Structures are given as structure tokens and as C-alpha cells.
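Next up, data01.cif (mmCIF, C-alpha atoms):
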```cif
data_data
#
loop_
_atom_site.label_atom_id
_atom_site.label_comp_id
_atom_site.auth_asym_id
_atom_site.auth_seq_id
_atom_site.Cartn_x
_atom_site.Cartn_y
_atom_site.Cartn_z
CA MET A 1 48.28 62.01 98.64
CA MET A 2 44.97 62.62 100.42
CA ILE A 3 44.90 64.33 103.79
CA HIS A 4 43.18 62.28 106.48
CA THR A 5 40.46 64.64 107.74
CA PRO A 6 39.74 62.93 111.12
CA THR A 7 43.43 63.13 111.98
CA LEU A 8 43.46 66.83 111.10
CA LEU A 9 40.41 67.45 113.26
CA LEU A 10 41.89 65.62 116.26
CA LEU A 11 45.24 67.42 115.96
CA SER A 12 43.59 70.80 115.60
CA LEU A 13 41.28 70.06 118.53
CA ALA A 14 44.16 69.03 120.80
CA ILE A 15 46.33 72.01 119.88
CA ASN A 16 43.53 74.54 120.38
CA LEU A 17 42.55 73.05 123.74
CA MET A 18 46.15 73.20 124.93
CA SER A 19 46.50 76.76 123.65
CA ALA A 20 43.27 77.79 125.36
CA SER A 21 44.51 76.31 128.65
CA LEU A 22 47.77 78.23 128.27
CA MET A 23 45.89 81.49 127.68
CA LEU A 24 43.71 80.89 130.74
CA PHE A 25 46.80 80.23 132.85
CA ILE A 26 48.38 83.50 131.70
CA HIS A 27 45.13 85.34 132.43
CA HIS A 28 45.10 83.80 135.92
CA ILE A 29 48.60 85.18 136.51
CA LYS A 30 47.77 88.56 134.95
CA PRO A 31 44.01 89.05 135.49
CA ASP A 32 44.19 92.64 134.20
CA ARG A 33 45.19 91.37 130.75
CA ARG A 34 41.71 90.72 129.38
CA ASN A 35 43.08 89.90 125.91
CA PHE A 36 44.32 86.50 127.15
CA LEU A 37 40.84 85.59 128.41
CA LEU A 38 39.32 86.54 125.06
CA TRP A 39 41.95 84.58 123.16
CA ALA A 40 41.33 81.55 125.40
CA CYS A 41 37.61 81.77 124.68
CA SER A 42 38.46 82.05 120.98
CA ALA A 43 40.51 78.83 121.10
CA PHE A 44 37.77 77.05 123.05
CA ALA A 45 35.17 78.24 120.54
CA PHE A 46 37.26 77.00 117.63
CA SER A 47 37.57 73.63 119.40
CA GLY A 48 33.79 73.63 119.80
CA SER A 49 33.33 74.26 116.08
CA ILE A 50 35.53 71.24 115.33
CA LEU A 51 33.46 69.06 117.67
CA LEU A 52 30.21 70.23 116.06
CA LEU A 53 31.58 69.50 112.61
CA SER A 54 32.75 66.06 113.70
CA LEU A 55 29.40 65.25 115.30
CA GLY A 56 27.62 66.30 112.14
CA ALA A 57 29.79 63.97 110.06
CA LEU A 58 29.39 61.04 112.48
CA THR A 59 25.60 61.38 112.67
CA ASP A 60 25.09 61.92 108.93
CA GLN A 61 24.00 65.48 109.66
CA LEU A 62 26.89 67.14 107.85
CA ALA A 63 24.88 70.19 106.74
CA LEU A 64 23.68 70.83 110.30
CA GLY A 65 27.19 70.31 111.67
CA LEU A 66 28.59 72.72 109.08
CA PHE A 67 25.98 75.34 109.93
CA PHE A 68 26.46 75.36 113.71
CA GLY A 69 30.17 74.58 113.49
CA GLY A 70 30.59 77.51 111.10
CA LEU A 71 28.65 79.82 113.40
CA VAL A 72 30.85 78.94 116.39
CA SER A 73 33.98 79.23 114.21
CA LEU A 74 32.89 82.72 113.19
CA ILE A 75 32.41 83.61 116.87
CA SER A 76 35.94 82.34 117.61
CA VAL A 77 37.44 84.76 115.07
CA LEU A 78 35.36 87.60 116.51
CA LEU A 79 36.72 86.78 119.98
CA LEU A 80 40.23 86.80 118.51
CA LEU A 81 39.58 90.25 117.09
CA ALA A 82 38.14 91.44 120.42
CA GLY A 83 41.33 90.23 122.10
CA PHE A 84 43.39 92.54 119.91
CA TYR A 85 41.15 95.48 120.77
CA ALA A 86 41.63 94.63 124.46
CA LEU A 87 45.41 94.36 123.98
CA TYR A 88 45.54 97.84 122.48
CA GLN A 89 43.00 99.18 125.01
CA GLN A 90 40.52 100.30 122.37
CA SER A 91 37.34 99.79 124.41
CA SER A 92 35.49 102.60 122.60
CA GLU A 93 36.07 100.95 119.24
CA VAL A 94 34.77 97.65 120.66
CA ARG A 95 31.50 99.35 121.58
CA LEU A 96 31.25 100.83 118.10
CA THR A 97 31.69 97.43 116.44
CA ARG A 98 29.03 95.59 118.48
CA ARG A 99 26.36 96.44 115.94
CA PHE A 100 28.59 95.19 113.17
CA VAL A 101 29.13 91.89 115.02
CA ILE A 102 25.39 91.41 115.48
CA LEU A 103 24.75 92.18 111.82
CA LEU A 104 27.55 89.81 110.79
CA LEU A 105 26.12 86.90 112.79
CA LEU A 106 22.58 87.59 111.57
CA GLY A 107 23.90 87.82 108.04
CA TYR A 108 25.57 84.43 108.42
CA VAL A 109 22.36 82.81 109.70
CA ILE A 110 20.33 84.27 106.83
CA LEU A 111 22.82 83.71 104.01
CA ALA A 112 23.80 80.21 105.17
CA SER A 113 20.18 79.16 104.85
CA VAL A 114 20.06 80.06 101.15
CA LEU A 115 23.69 79.77 100.00
CA GLU A 116 26.51 77.25 100.33
CA ILE A 117 27.53 77.36 104.01
CA ARG A 118 31.22 76.96 103.31
CA LEU A 119 31.10 79.89 100.87
CA VAL A 120 29.40 82.23 103.36
CA LEU A 121 31.73 81.17 106.19
CA ALA A 122 34.87 81.49 104.09
CA CYS A 123 33.95 85.00 102.91
CA MET A 124 33.11 86.27 106.38
CA GLU A 125 36.15 84.74 108.08
CA ALA A 126 38.40 86.07 105.32
CA LEU A 127 37.10 89.56 106.07
CA LEU A 128 37.71 89.16 109.80
CA TYR A 129 41.27 87.84 109.39
CA LEU A 130 42.07 90.75 107.10
CA TRP A 131 40.64 93.03 109.80
CA CYS A 132 42.96 91.44 112.39
CA ALA A 133 46.03 92.00 110.20
CA CYS A 134 45.16 95.63 109.53
CA LEU A 135 44.36 96.25 113.20
CA ILE A 136 47.81 95.07 114.31
CA PHE A 137 49.52 97.38 111.83
CA SER A 138 47.35 100.39 112.69
CA LEU A 139 47.36 100.14 116.50
CA SER A 140 50.63 98.48 117.50
CA HIS A 141 53.02 100.69 119.45
CA ASN A 142 56.10 99.36 117.70
CA ARG A 143 57.11 97.51 114.56
CA GLN A 144 58.86 94.43 115.92
CA ARG A 145 59.41 91.47 113.61
CA ILE A 146 56.96 89.35 115.61
CA LEU A 147 54.14 91.74 114.69
CA TYR A 148 54.90 91.35 110.99
CA ILE A 149 54.87 87.56 111.37
CA VAL A 150 51.49 87.54 113.13
CA SER A 151 50.05 89.95 110.56
CA CYS A 152 51.38 87.79 107.72
CA ILE A 153 49.74 84.72 109.26
CA TYR A 154 46.37 86.48 109.27
CA LEU A 155 46.93 87.68 105.73
CA LEU A 156 47.60 84.06 104.73
CA HIS A 157 44.36 83.09 106.48
CA PHE A 158 42.66 85.72 104.35
CA VAL A 159 44.25 84.44 101.12
CA VAL A 160 43.39 80.79 101.88
CA LEU A 161 39.77 81.55 102.70
CA LEU A 162 39.43 83.88 99.75
CA SER A 163 40.81 81.15 97.48
CA GLN A 164 38.26 78.72 98.92
CA SER A 165 35.48 81.22 98.26
CA ILE A 166 36.55 81.63 94.65
CA ALA A 167 36.82 77.87 94.17
CA LEU A 168 33.33 77.35 95.56
CA LEU A 169 31.92 80.10 93.36
CA ILE A 170 33.36 78.68 90.14
CA GLY A 171 32.69 75.07 91.15
CA ALA A 172 36.33 73.94 91.12
CA PRO A 173 37.06 70.20 91.47
CA GLY A 174 37.09 69.13 95.11
CA ALA A 175 34.72 71.91 96.13
CA GLU A 176 31.42 70.24 95.34
CA PRO A 177 29.31 68.93 98.23
CA GLY A 178 29.15 65.15 98.26
CA GLY A 179 32.35 64.72 96.22
CA GLU A 180 35.90 64.16 97.31
CA ASP A 181 36.36 67.32 99.32
CA TRP A 182 40.13 67.49 99.01
CA LEU A 183 39.84 71.28 98.84
CA LEU A 184 38.07 71.36 102.21
CA ASP A 185 40.76 69.05 103.61
CA ALA A 186 43.46 71.34 102.27
CA VAL A 187 41.79 74.35 103.87
CA PHE A 188 41.60 72.50 107.20
CA PHE A 189 45.27 71.63 106.89
CA MET A 190 46.19 75.27 106.23
CA HIS A 191 43.96 76.40 109.10
CA MET A 192 45.69 73.99 111.45
CA ILE A 193 49.17 75.25 110.54
CA LEU A 194 48.19 78.91 110.60
CA THR A 195 46.15 78.60 113.79
CA VAL A 196 48.99 76.84 115.59
CA GLY A 197 51.43 79.52 114.46
CA SER A 198 49.21 82.42 115.46
CA VAL A 199 48.17 80.92 118.81
CA LEU A 200 51.76 80.21 119.80
CA LEU A 201 52.83 83.72 118.83
CA LEU A 202 49.99 85.56 120.57
CA PRO A 203 51.52 85.48 124.11
CA LEU A 204 54.88 86.61 122.72
CA MET A 205 53.22 89.41 120.82
CA ALA A 206 51.30 90.55 123.90
CA TYR A 207 54.51 90.44 125.95
CA ILE A 208 56.38 92.62 123.42
CA GLU A 209 53.56 95.16 123.31
CA THR A 210 53.42 95.30 127.12
CA GLU A 211 57.18 95.75 127.38
CA SER A 212 56.97 98.51 124.78
CA GLU A 213 54.33 100.31 126.87
CA LEU A 214 56.40 99.97 130.06
CA THR A 215 59.53 101.25 128.29
CA ALA A 216 57.62 104.24 126.96
CA LEU A 217 56.30 104.99 130.45
CA SER A 218 59.81 104.78 131.93
CA GLU A 219 61.09 107.29 129.37
CA ARG A 220 58.23 109.79 129.54
CA ASP A 221 57.34 112.48 132.03
CA PRO A 222 53.79 111.68 133.24
CA LEU A 223 52.79 115.33 133.72
CA THR A 224 53.72 116.66 130.27
CA GLU A 225 54.18 113.41 128.28
CA LEU A 226 57.51 114.81 127.13
CA LEU A 227 60.67 112.73 127.36
CA ASN A 228 62.25 112.52 130.80
CA ARG A 229 66.01 112.78 131.30
CA ARG A 230 66.52 109.06 130.64
CA GLY A 231 64.48 109.12 127.44
CA LEU A 232 66.15 112.31 126.24
CA PHE A 233 69.65 110.85 126.66
CA LYS A 234 68.65 107.53 125.11
CA LEU A 235 67.22 109.09 121.96
CA GLY A 236 69.68 111.97 121.85
CA SER A 237 72.72 109.68 121.89
CA ARG A 238 71.90 108.46 118.39
CA TYR A 239 72.74 111.93 117.05
CA CYS A 240 76.19 111.68 118.62
CA LEU A 241 77.15 108.00 118.65
CA GLY A 242 74.58 106.11 116.58
CA GLU A 243 74.03 105.66 112.86
CA GLU A 244 72.59 109.17 112.57
CA ALA A 245 75.78 110.84 113.86
CA HIS A 246 77.26 113.09 111.19
CA GLU A 247 79.63 116.01 110.89
CA GLN A 248 76.78 118.46 111.40
CA PRO A 249 75.91 120.98 114.07
CA LEU A 250 73.97 119.95 117.13
CA CYS A 251 72.37 122.48 119.45
CA VAL A 252 71.39 121.69 123.02
CA VAL A 253 69.06 124.06 124.84
CA VAL A 254 68.05 124.28 128.51
CA LEU A 255 64.96 126.28 129.48
CA ASP A 256 63.82 127.16 133.03
CA ILE A 257 60.56 128.76 134.18
CA ASP A 258 61.26 132.03 136.01
CA HIS A 259 60.12 132.49 139.62
CA PHE A 260 58.44 129.10 139.61
CA LYS A 261 58.63 128.76 143.39
CA GLN A 262 56.54 131.89 143.73
CA VAL A 263 53.89 130.35 141.46
CA ASN A 264 53.60 127.35 143.77
CA ASP A 265 53.63 129.52 146.89
CA ASN A 266 51.04 132.03 145.63
CA PHE A 267 48.69 129.82 143.64
CA GLY A 268 49.38 126.26 144.79
CA HIS A 269 51.00 123.23 143.21
CA HIS A 270 47.99 122.59 140.97
CA CYS A 271 48.59 125.92 139.25
CA GLY A 272 52.30 125.09 139.09
CA ASP A 273 51.47 121.90 137.20
CA GLU A 274 49.32 123.91 134.79
CA VAL A 275 52.23 126.28 134.13
CA ILE A 276 54.54 123.34 133.41
CA ARG A 277 52.01 121.88 130.98
CA PHE A 278 51.51 125.30 129.40
CA VAL A 279 55.24 125.69 128.71
CA ALA A 280 55.49 122.09 127.47
CA GLN A 281 52.73 122.70 124.89
CA ILE A 282 54.52 125.78 123.59
CA LEU A 283 57.76 123.82 123.29
CA LEU A 284 55.95 121.18 121.24
CA SER A 285 54.24 123.71 118.98
CA GLU A 286 57.25 125.96 118.36
CA SER A 287 60.03 123.37 117.99
CA ARG A 288 60.91 121.69 114.70
CA GLN A 289 59.82 118.22 113.73
CA GLY A 290 62.65 115.90 114.75
CA ASP A 291 63.76 117.98 117.74
CA LEU A 292 63.88 116.07 121.02
CA ILE A 293 62.09 117.79 123.90
CA GLY A 294 62.33 116.64 127.49
CA ARG A 295 61.52 117.69 131.03
CA ILE A 296 64.74 117.16 132.97
CA GLY A 297 63.80 118.76 136.28
CA GLY A 298 60.92 120.26 138.21
CA GLU A 299 60.53 123.38 136.05
CA GLU A 300 63.49 122.75 133.73
CA PHE A 301 63.28 121.54 130.12
CA ALA A 302 65.82 120.62 127.48
CA ILE A 303 65.71 120.55 123.69
CA ILE A 304 68.14 118.70 121.41
CA MET A 305 68.18 120.24 117.93
CA PRO A 306 70.10 118.24 115.32
CA GLY A 307 71.30 119.86 112.10
CA VAL A 308 70.49 123.47 113.04
CA ASN A 309 72.97 126.32 113.03
CA GLY A 310 73.49 128.78 115.84
CA PRO A 311 71.46 131.73 114.51
CA ASP A 312 68.49 129.52 113.64
CA ALA A 313 68.61 127.83 117.05
CA ARG A 314 68.71 131.23 118.75
CA SER A 315 65.74 132.34 116.63
CA ILE A 316 63.73 129.26 117.65
CA CYS A 317 64.55 129.78 121.31
CA ASP A 318 63.61 133.45 121.19
CA ARG A 319 60.32 132.55 119.50
CA ILE A 320 59.59 130.08 122.31
CA ARG A 321 60.46 132.69 124.95
CA THR A 322 58.23 135.29 123.25
CA GLN A 323 55.31 132.89 122.89
CA VAL A 324 55.45 131.96 126.58
CA GLU A 325 55.47 135.62 127.61
CA GLN A 326 52.77 136.77 125.18
CA ARG A 327 50.34 133.87 125.63
CA SER A 328 50.70 134.08 129.40
CA ALA A 329 49.95 137.82 129.31
CA GLN A 330 46.85 137.06 127.19
CA GLY A 331 45.53 134.71 129.88
CA ALA A 332 46.39 131.39 128.26
CA CYS A 333 47.71 130.13 131.60
CA HIS A 334 45.16 131.58 134.04
CA PRO A 335 45.58 132.59 136.84
CA CYS A 336 49.34 132.99 136.21
CA THR A 337 49.57 135.88 133.76
CA GLY A 338 53.25 136.71 134.11
CA VAL A 339 55.01 133.49 133.11
CA THR A 340 58.45 133.93 131.52
CA VAL A 341 61.37 131.62 130.81
CA SER A 342 65.15 131.85 130.75
CA VAL A 343 66.85 129.98 127.92
CA GLY A 344 70.47 128.89 127.52
CA GLY A 345 71.99 126.97 124.63
CA VAL A 346 75.19 125.67 123.10
CA CYS A 347 76.17 124.39 119.65
CA ALA A 348 78.74 121.72 118.82
CA HIS A 349 79.61 119.22 116.12
CA ALA A 350 77.22 116.31 116.60
CA LYS A 351 79.61 113.43 115.98
CA GLY A 352 81.29 112.35 119.20
CA ALA A 353 79.67 115.07 121.33
CA ASP A 354 79.03 114.47 125.02
CA LEU A 355 75.36 115.27 125.72
CA ASP A 356 75.87 115.51 129.46
CA HIS A 357 78.67 118.03 128.97
CA LEU A 358 76.61 120.03 126.46
CA LEU A 359 73.65 120.14 128.84
CA GLY A 360 75.98 121.47 131.52
CA ARG A 361 77.21 124.22 129.18
CA ALA A 362 73.65 125.12 128.18
CA ASP A 363 72.59 125.12 131.81
CA ALA A 364 75.43 127.51 132.68
CA ALA A 365 74.32 129.83 129.85
CA MET A 366 70.77 129.71 131.17
CA TYR A 367 71.91 130.71 134.66
CA ARG A 368 73.73 133.70 133.19
CA VAL A 369 70.35 134.79 131.80
CA LYS A 370 68.92 134.43 135.31
CA GLN A 371 71.68 136.62 136.71
CA ASN A 372 71.03 139.27 134.06
CA GLY A 373 67.34 139.66 134.91
CA ARG A 374 65.67 136.52 133.46
CA ASN A 375 63.32 136.27 130.46
CA GLY A 376 66.09 136.05 127.87
CA VAL A 377 68.14 133.83 125.61
CA GLN A 378 71.90 133.31 125.70
CA PHE A 379 74.14 130.80 123.91
CA ALA A 380 77.53 129.65 125.14
CA SER A 381 80.46 130.54 122.90
CA GLY A 382 84.08 129.62 122.61
CA PRO A 383 85.77 126.31 121.71
CA ASP A 384 86.66 123.68 124.25
CA ARG A 385 87.79 120.04 124.29
CA LEU A 386 84.57 119.03 122.50
CA ARG A 387 85.21 121.51 119.68
CA LEU A 388 82.23 123.61 120.68
CA VAL A 389 81.31 125.95 117.87
CA ASP A 390 80.52 129.60 118.39
CA THR A 391 77.08 130.50 117.05
CA SER A 392 78.62 132.90 114.55
CA GLU A 393 80.81 130.13 113.11
CA VAL A 394 78.07 127.57 112.47
#
```

Go ahead and express the file in the form of C-alpha cells.
Amino acid sequence: MMIHTPTLLLLSLAINLMSASLMLFIHHIKPDRRNFLLWACSAFAFSGSILLLSLGALTDQLALGLFFGGLVSLISVLLLLAGFYALYQQSSEVRLTRRFVILLLLGYVILASVLEIRLVLACMEALLYLWCACLIFSLSHNRQRILYIVSCIYLLHFVVLLSQSIALLIGAPGAEPGGEDWLLDAVFFMHMILTVGSVLLLPLMAYIETESELTALSERDPLTELLNRRGLFKLGSRYCLGEEAHEQPLCVVVLDIDHFKQVNDNFGHHCGDEVIRFVAQILLSESRQGDLIGRIGGEEFAIIMPGVNGPDARSICDRIRTQVEQRSAQGACHPCTGVTVSVGGVCAHAKGADLDHLLGRADAAMYRVKQNGRNGVQFASGPDRLRLVDTSEV
């Protein structure tokens, strides 16, 4: 059964205009979200390409309608791509791709004058849709199902357009100009379905990405970009209660910067912030991959170490303490050259452990280091109701 092309054009035009209006409304509510404005312009441009194509067919200027309609359609995909760069706040990459965009449009104008317009357009749009799919996978902050769906839609766009290009190259039935263009109708039909799907999912995708960013901000310390107390407990609970909980040791460490008040009093709060960042960088560089590191107070940090025994945890903590002392003495945290830390820790079986209780035990061990002169490491020992394990038993 043949697909009625005028009906397809009208449906696609109506859907894109409604989608563009929706995007503009969202941009009006959230003017800082530039991606919605770009996506609205993309939908309007695609609607314009449909109108140009329709005018070309009605005025017996099909070749001219295809040429200008194809050019505007190409611009609509470029605007779609620019919307994704705006969503992921990649303004520098946008500037780098401006030359490519100019070359692409010039290439279309030149090639479309000597080759089959539909072939040139299909090849270029296929490349851009593939670019969109790869961009989502490479830049997205999470891997929600909606992102896979949107990426798959753009990959289907790529496959459809690539198939059209191959058909035009080999002169498949239905691809010849002047004949029964059922292949072109089929491509329009697929474009309509895929465009509707992608346009309807774009606001949801943008919402999920925005929520992901806000969640990350609420769980991170803005000064050091380490986890805050909320983020540390949220991620750390999976080692005790989640699917990753096993009958394995779990070490919790609390670290405090010595004489931090004197740093602020003598050098100012700006220097105090530099000291906090200095210690945070050492924690990141000296901890193991998979350890959870958080800033849980003004000058207090915590580390959750899954699957490490007591002696190894003590060795890691002593290495951190030594690095802070040595690098500070070497001027790595100028003008504060005498930065030291006191470290307390505790080990327990991970499964069913109470992180809050373990942090309290580690904190108590750290304060014993403070009482004994600071700049040291001490681990709590002795069993309790949580079956805490002495470091020599792990």
C-alpha cells in the first residue's frame, strides 16, 4: 500500500510546529536553558524545509524545492546538535565546530549542484544524526534508560538515511527521480515517526540531565568537589546494606587538619581554603580506586575503604599523613608550611554495619591522636555490638 506523501507532510508539519511551540514555552519558563531555544529553532527549521519541499512540488519546481528544503533541513539537524552541546554546557566545543558547520553547508551547496540532492542530503544528515547519538553517550552525566532510547532513535535515523544513500547510489527501484518515489515516501514516514519520538523525549531527557546535575551538586562539597556527608552516607550505605554488601572488612577513617583555627587566624580564611584543597588533593591521590572520600566538616574528612584489612588501611592512612607533612614542608601549600593531620580509623565487617556508628568510633580514635600530640594515626580496637574487628584480626 502506497503512503500518501501530502498527508505525511501535513502531519509532520503539524507535529513539528507543536513541538517547537512547546520548546519555546519551556524556554520562556527557563530562559537559562538555551538548549530548548535551539531545539525549538530546529523544529521550526524542519517545518520550513517541509514547506519549501511542498511549494516546490506544487509549483513544478521540485528540484529547487529539494535543494532549498534540503539546506534548511540540514540546518535543523545542526541546530539539534547545537542544542545538545548547550545542554551539556560544551560552549568551547561549539566554537571549535563552527568551521566544520560552515564547510558542511558549503559542501552541500557545491555537491548538490553536481550530484543527486537527495543523496548528498541523506549522507550529510546521516553523519549528523550519528554525531548526535555519540555525543549523548560521551557527554551525558548518567546512563538513564531515556538516554539510550534517544540515542537509539538517532542511530535509527542514521541507518534509514544511510540505507537511502545506498539505494540512490545503486539505483534501487523507487529511488529514481521522476518515478514512483515510494522509497522517498518511506523515508519521510520513518522521519516522521523518529522525529516525533525524539522531539517528545527531548524535554524529558533535558529534565533528567538537569536533575542529575542538581543531585550531584547536593552531594558534593563545592570547595573540594569531594562528597559531602550526605553523599558519603548515600554511596557508603551500598557497602553495608545494598547489593555490594558482603562478608568482607570495611574500614572507616576520619582525618582532621591540626591547628586549623590558627591557620585561619594567622593567614586568613583564603589560606585556610587552600589548605583544605591541598589535603583533599592528597586524599584523592593516595587513596585507592573505589574508596569513598568526603568532607564531613570544616576541616574534617572521612574515607570509606571497602575490602581492605586493618594493616593495609593503617598503611594507607600513614602514607596520607606523611604526604601531607612532607609536601607542606616542601612548600606545596604556601604560605602554610607546617600542615599536619590526625587520623583515626576503625574496621568492621561490612555487611550490616552502621556507618554513623563507625564514623563515631573513628572520630573518637582521631581525638585520641589529638590528645597524644597530633600528627599521627590510630585505629580503634576491640569488639562491640557491631562485631568490630581488631586490626590484627582482619

Across A:Ile170, A:Gln289, A:Asp354, A:Lys261, the smallest distance to Tyr239 of chain A, with only C-alpha atoms counted, is shown by A:Asp354

Run through the PyMOL selection byres ((chain A and resi 316) around 12) on the given coordinates and return the selected residues as a ChimeraX atom specification. /A:251,253,282-288,291,303,305,308-315,317-323,343-345,377

From the list A:Gln378, A:Ser198, A:Ser76, A:Gln281, which residue is nearest Glu225 of chain A when using all atoms listed in the file? A:Gln281

Between atom CA of Arg98 of chain A and atom CA of Leu64 of chain A - distance in Å to one decimal: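 Distance reported for this atom pair: 26.6 Å.
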
Using only C-alpha atoms, which of the listed residues (A:Phe233, A:Phe189, A:Tyr85, A:Tyr129) sits closest to Phe158 of chain A?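 When distances to Phe158 of chain A are compared using only C-alpha atoms, the smallest one comes from A:Tyr129.
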
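Atom pair atom CA of Leu52 of chain A / atom CA of Leu13 of chain A has a distance of 11.3 Å (rounded to one decimal).
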
Name the residues within 9 Å of (70.4, 134.5, 129.6), counting all atoms listed in the file in the file's coordinates, and put them as a list in words. Ser342, Val343, Gly344, Ala365, Met366, Tyr367, Arg368, Val369, Lys370, Gln371, Asn372, Gly373, Arg374, Asn375, Gly376, Val377, Gln378 and Phe379 of chain A

Between atom CA of Val275 of chain A and atom CA of Gly294 of chain A, what is the distance in Å, rounded to a tenth?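 Going from atom CA of Val275 of chain A over to atom CA of Gly294 of chain A, I get 15.5 Å.
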
Taking the file as shown, what set of residues would the PyMOL selection byres ((chain A and resi 338) around 6) give back, as a list in words?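 That selection, the PyMOL selection byres ((chain A and resi 338) around 6), comes back as Ser328, Ala329, Cys336, Thr337 and Val339 of chain A.
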
Give me a file of those residues, with C-alpha atoms, as a PDB file, in the frame of the given file.
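Saved to part_7.pdb:
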```pdb
ATOM      1  CA  SER A 328      50.700 134.080 129.400  1.00  0.00           C
ATOM      2  CA  ALA A 329      49.950 137.820 129.310  1.00  0.00           C
ATOM      3  CA  CYS A 336      49.340 132.990 136.210  1.00  0.00           C
ATOM      4  CA  THR A 337      49.570 135.880 133.760  1.00  0.00           C
ATOM      5  CA  VAL A 339      55.010 133.490 133.110  1.00  0.00           C
TER       6      VAL A 339
END
```

Ref. answer, residues at most 12 Å from (43.4, 77.9, 119.3) with all atoms listed in the file, as number ranges by chain: A: 11-24, 36, 38-50, 73, 76-77, 79-80, 191-202

Name the residues captured by the PyMOL selection byres ((chain A and resi 151-156) around 7) when it is applied to the shown file; answer as a ChimeraX atom specification. /A:129-130,132-133,136,147-150,157-160,194,198

Name all residues at most 8 Å from Leu87 of chain A (count all atoms listed in the file; drop same-chain ones fewer than 5 positions away) and give them as a list of chain:residue names.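 Final neighbour list, sorted by chain and number: A:Arg33, A:Arg34, A:Asn35, A:Ala206.
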
Of A:Met205, A:Leu169, A:Leu292, A:Ala302, the one nearest to Gly360 of chain A when counting all atoms listed in the file is A:Ala302

Can you list, as number ranges by chain, every protein, DNA or RNA residue that comes within 8 Å of Glu300 of chain A when you count only C-alpha atoms, leaving out same-chain residues fewer than 5 positions away? A: 254-257, 295

How about completing segment 126-133 of chain A with all heavy atoms and giving it to me as a PDB file, in the coordinates of the input?
```
ATOM      1  N   ALA A 126      37.338  85.377 106.058  1.00  0.00           N
ATOM      2  CA  ALA A 126      38.400  86.070 105.320  1.00  0.00           C
ATOM      3  C   ALA A 126      38.408  87.548 105.658  1.00  0.00           C
ATOM      4  O   ALA A 126      39.467  88.146 105.896  1.00  0.00           O
ATOM      5  CB  ALA A 126      38.217  85.862 103.815  1.00  0.00           C
ATOM      6  N   LEU A 127      37.208  88.146 105.709  1.00  0.00           N
ATOM      7  CA  LEU A 127      37.100  89.560 106.070  1.00  0.00           C
ATOM      8  C   LEU A 127      37.628  89.827 107.469  1.00  0.00           C
ATOM      9  O   LEU A 127      38.362  90.796 107.705  1.00  0.00           O
ATOM     10  CB  LEU A 127      35.626  89.995 105.960  1.00  0.00           C
ATOM     11  CG  LEU A 127      35.297  91.412 106.442  1.00  0.00           C
ATOM     12  CD1 LEU A 127      35.986  92.442 105.556  1.00  0.00           C
ATOM     13  CD2 LEU A 127      33.786  91.642 106.437  1.00  0.00           C
ATOM     14  N   LEU A 128      37.297  88.952 108.417  1.00  0.00           N
ATOM     15  CA  LEU A 128      37.710  89.160 109.800  1.00  0.00           C
ATOM     16  C   LEU A 128      39.222  88.994 109.977  1.00  0.00           C
ATOM     17  O   LEU A 128      39.852  89.739 110.735  1.00  0.00           O
ATOM     18  CB  LEU A 128      36.960  88.202 110.720  1.00  0.00           C
ATOM     19  CG  LEU A 128      35.459  88.462 110.866  1.00  0.00           C
ATOM     20  CD1 LEU A 128      34.802  87.390 111.718  1.00  0.00           C
ATOM     21  CD2 LEU A 128      35.203  89.838 111.476  1.00  0.00           C
ATOM     22  N   TYR A 129      39.817  88.017 109.284  1.00  0.00           N
ATOM     23  CA  TYR A 129      41.270  87.840 109.390  1.00  0.00           C
ATOM     24  C   TYR A 129      42.014  89.020 108.764  1.00  0.00           C
ATOM     25  O   TYR A 129      43.069  89.434 109.259  1.00  0.00           O
ATOM     26  CB  TYR A 129      41.692  86.529 108.734  1.00  0.00           C
ATOM     27  CG  TYR A 129      41.487  85.324 109.621  1.00  0.00           C
ATOM     28  CD1 TYR A 129      40.625  84.295 109.252  1.00  0.00           C
ATOM     29  CD2 TYR A 129      42.148  85.214 110.840  1.00  0.00           C
ATOM     30  CE1 TYR A 129      40.427  83.187 110.075  1.00  0.00           C
ATOM     31  CE2 TYR A 129      41.961  84.121 111.672  1.00  0.00           C
ATOM     32  CZ  TYR A 129      41.096  83.116 111.277  1.00  0.00           C
ATOM     33  OH  TYR A 129      40.903  82.030 112.097  1.00  0.00           O
ATOM     34  N   LEU A 130      41.472  89.550 107.683  1.00  0.00           N
ATOM     35  CA  LEU A 130      42.070  90.750 107.100  1.00  0.00           C
ATOM     36  C   LEU A 130      41.963  91.914 108.078  1.00  0.00           C
ATOM     37  O   LEU A 130      42.895  92.714 108.215  1.00  0.00           O
ATOM     38  CB  LEU A 130      41.357  91.091 105.786  1.00  0.00           C
ATOM     39  CG  LEU A 130      41.872  92.333 105.031  1.00  0.00           C
ATOM     40  CD1 LEU A 130      43.330  92.150 104.621  1.00  0.00           C
ATOM     41  CD2 LEU A 130      40.997  92.626 103.821  1.00  0.00           C
ATOM     42  N   TRP A 131      40.842  91.998 108.768  1.00  0.00           N
ATOM     43  CA  TRP A 131      40.640  93.030 109.800  1.00  0.00           C
ATOM     44  C   TRP A 131      41.692  92.890 110.898  1.00  0.00           C
ATOM     45  O   TRP A 131      42.289  93.876 111.342  1.00  0.00           O
ATOM     46  CB  TRP A 131      39.233  92.875 110.358  1.00  0.00           C
ATOM     47  CG  TRP A 131      38.766  94.005 111.231  1.00  0.00           C
ATOM     48  CD1 TRP A 131      39.516  95.010 111.762  1.00  0.00           C
ATOM     49  CD2 TRP A 131      37.422  94.226 111.677  1.00  0.00           C
ATOM     50  NE1 TRP A 131      38.737  95.840 112.517  1.00  0.00           N
ATOM     51  CE2 TRP A 131      37.448  95.400 112.487  1.00  0.00           C
ATOM     52  CE3 TRP A 131      36.215  93.562 111.485  1.00  0.00           C
ATOM     53  CZ2 TRP A 131      36.308  95.892 113.091  1.00  0.00           C
ATOM     54  CZ3 TRP A 131      35.075  94.073 112.093  1.00  0.00           C
ATOM     55  CH2 TRP A 131      35.124  95.219 112.879  1.00  0.00           C
ATOM     56  N   CYS A 132      41.948  91.667 111.348  1.00  0.00           N
ATOM     57  CA  CYS A 132      42.960  91.440 112.390  1.00  0.00           C
ATOM     58  C   CYS A 132      44.327  91.930 111.946  1.00  0.00           C
ATOM     59  O   CYS A 132      45.045  92.595 112.706  1.00  0.00           O
ATOM     60  CB  CYS A 132      43.034  89.948 112.738  1.00  0.00           C
ATOM     61  SG  CYS A 132      41.637  89.316 113.696  1.00  0.00           S
ATOM     62  N   ALA A 133      44.713  91.593 110.702  1.00  0.00           N
ATOM     63  CA  ALA A 133      46.030  92.000 110.200  1.00  0.00           C
ATOM     64  C   ALA A 133      46.153  93.509 110.140  1.00  0.00           C
ATOM     65  O   ALA A 133      47.163  94.087 110.556  1.00  0.00           O
ATOM     66  CB  ALA A 133      46.259  91.376 108.822  1.00  0.00           C
TER      67      ALA A 133
END
```
